[in-house]
Amino acid sequence: MLADRAKAMQRVCFDAEPSDADLELLGSRERWLVYRELVQNRLVEVINVALARTKAAIGDESFGRAVAEWLSTGGPKTRYLRHVPVELADFAIPIWRDKEVPWIAELARFEIASWNVRHAPPDPEPESELAFDRRPVLSSALEIIRLEYPVHKRPTPAAGYEPDSTFLCVYRDADHRASTKTLNALAADLLDAWKRADETVAESVQRIAAKHQTEIGPAFIEKLSAIIAEFIIGGRL
């Protein structure tokens with residue numbers, strides 16, 4: 001009986017239209033309809049904040065339709081409000097990718113990356129100073145994304161965005177805002193490797209430099225030093 005009521009509560013909150021049978025099972029029809037509205041409004045409020053530019057680009061009607069379709073699948077699986085926009089995006093991005101405006105999905109990916117770094121946990125404390133024969137410890141508030149459109153920039157009034165392969169590091173700055181750094185393909189691969197932390201710094205640098213047919217000379221070391229200092233915790237050369 002308790003399990004039946006829990007399922008009815010979920011359906012009342014998230015189905016496109018709550019059924020009379022579920023409302024009768026729960027009792028107090030008007031109270032549950034008000035509760036449904038409060039729950040949905042709170043979720044939509046958080047989603048609107050996280051994906052504000054995406055909503056503006058795609059339009060209120062299309063955006064609202066995607067949210068309603070997601071809610072009708074059962075709503076959020078997470079217990080944390082900060083994770084709700086991520087679940088909505090996981091559902092909606094494949095839909096938006098097939099729309100006439102090809103960069104909408106890319107914009108949503110960028111906004112979710114920015115949302116994630118703003119709400120990431122504090123950076124871990126490294127067990128030791130950086131060493132090339134140890135695995136790196138990267139900032140928690142950092143995501144590397146590869147985009148087909150430069151959606152971190154302002155769109156043009158007429159076309160929005162033209163295709164332009166873009167590598168971005170989205171990270172939380174000292175003021176706890178999401179900032180971006182444009183990368184080249186080699187730097188993006190390095191940060192990806194350091195984030196996985198399944199190789200030492202030396203192993204990842206040698207492997208990725210070889211992959212990109214890049215000589216590890218003074219110019220390379222200078223750029224490597226800058227990226228290590230910026231993103232590896234305790235990183236100094």
# chains A, B, ... in the order shown; residues from 1 in each chain; ligands from 1
>>> select_by_dssp(residues="stretch 10-237 of chain A", states="strand (DSSP E)", output="count of residues only")
19
>>> closest_atom_pairs(of="stretch 62-121 of chain A", to="stretch 52-56 of chain A", cutoff="12 Å", atoms="only C-alpha atoms", output="Markdown table")
| residue | atom | partner | partner_atom | distance |
| --- | --- | --- | --- | --- |
| A:Ser62 | CA | A:Lys55 | CA | 8.3 |
| A:Phe63 | CA | A:Lys55 | CA | 5.7 |
| A:Gly64 | CA | A:Lys55 | CA | 8.5 |
| A:Arg65 | CA | A:Lys55 | CA | 11.0 |
| A:Ala66 | CA | A:Lys55 | CA | 10.3 |
| A:Val67 | CA | A:Lys55 | CA | 10.6 |
| A:Pro85 | CA | A:Ala52 | CA | 11.0 |
| A:Ala89 | CA | A:Thr54 | CA | 10.4 |
| A:Ala92 | CA | A:Thr54 | CA | 11.1 |
| A:Ile93 | CA | A:Thr54 | CA | 10.5 |
| A:Trp96 | CA | A:Thr54 | CA | 10.0 |
| A:Val101 | CA | A:Thr54 | CA | 11.2 |
| A:Trp103 | CA | A:Thr54 | CA | 9.7 |
| A:Ile104 | CA | A:Thr54 | CA | 6.5 |
| A:Ala105 | CA | A:Thr54 | CA | 8.3 |
| A:Glu106 | CA | A:Thr54 | CA | 9.3 |
| A:Leu107 | CA | A:Thr54 | CA | 6.2 |
| A:Ala108 | CA | A:Thr54 | CA | 5.7 |
| A:Arg109 | CA | A:Thr54 | CA | 9.4 |
| A:Phe110 | CA | A:Thr54 | CA | 9.6 |
| A:Glu111 | CA | A:Arg53 | CA | 7.8 |
| A:Ile112 | CA | A:Thr54 | CA | 10.1 |
| A:Ser114 | CA | A:Ala52 | CA | 11.7 |
| A:Trp115 | CA | A:Ala52 | CA | 10.9 |
>>> atom_distance(atom1="atom CA of A:Pro155", atom2="atom CA of A:Ala113")
18.5 Å
>>> closest_atom_pairs(of="stretch 47-146 of chain A", to="stretch 195-202 of chain A", cutoff="8 Å", atoms="only C-alpha atoms", output="tab-separated table")
residue	atom	partner	partner_atom	distance
A:Ala131	CA	A:Val201	CA	7.5
A:Phe132	CA	A:Val201	CA	4.8
A:Asp133	CA	A:Thr200	CA	5.4
A:Arg134	CA	A:Thr200	CA	4.7
A:Arg135	CA	A:Thr200	CA	4.1
A:Pro136	CA	A:Ala197	CA	6.0
A:Val137	CA	A:Ala197	CA	7.2
A:Leu138	CA	A:Lys195	CA	6.0
>>> select_by_dssp(residues="stretch 57-205 of chain A", states="helix (DSSP H, G or I)", output="ChimeraX atom specification")
/A:57-58,60-72,81-97,104-118,185-196,201-205
>>> atom_distance(atom1="atom CA of A:Ala210", atom2="atom CA of A:Ala185")
13.0 Å
>>> atom_distance(atom1="atom CA of A:Leu142", atom2="atom CA of A:Ile227")
12.8 Å
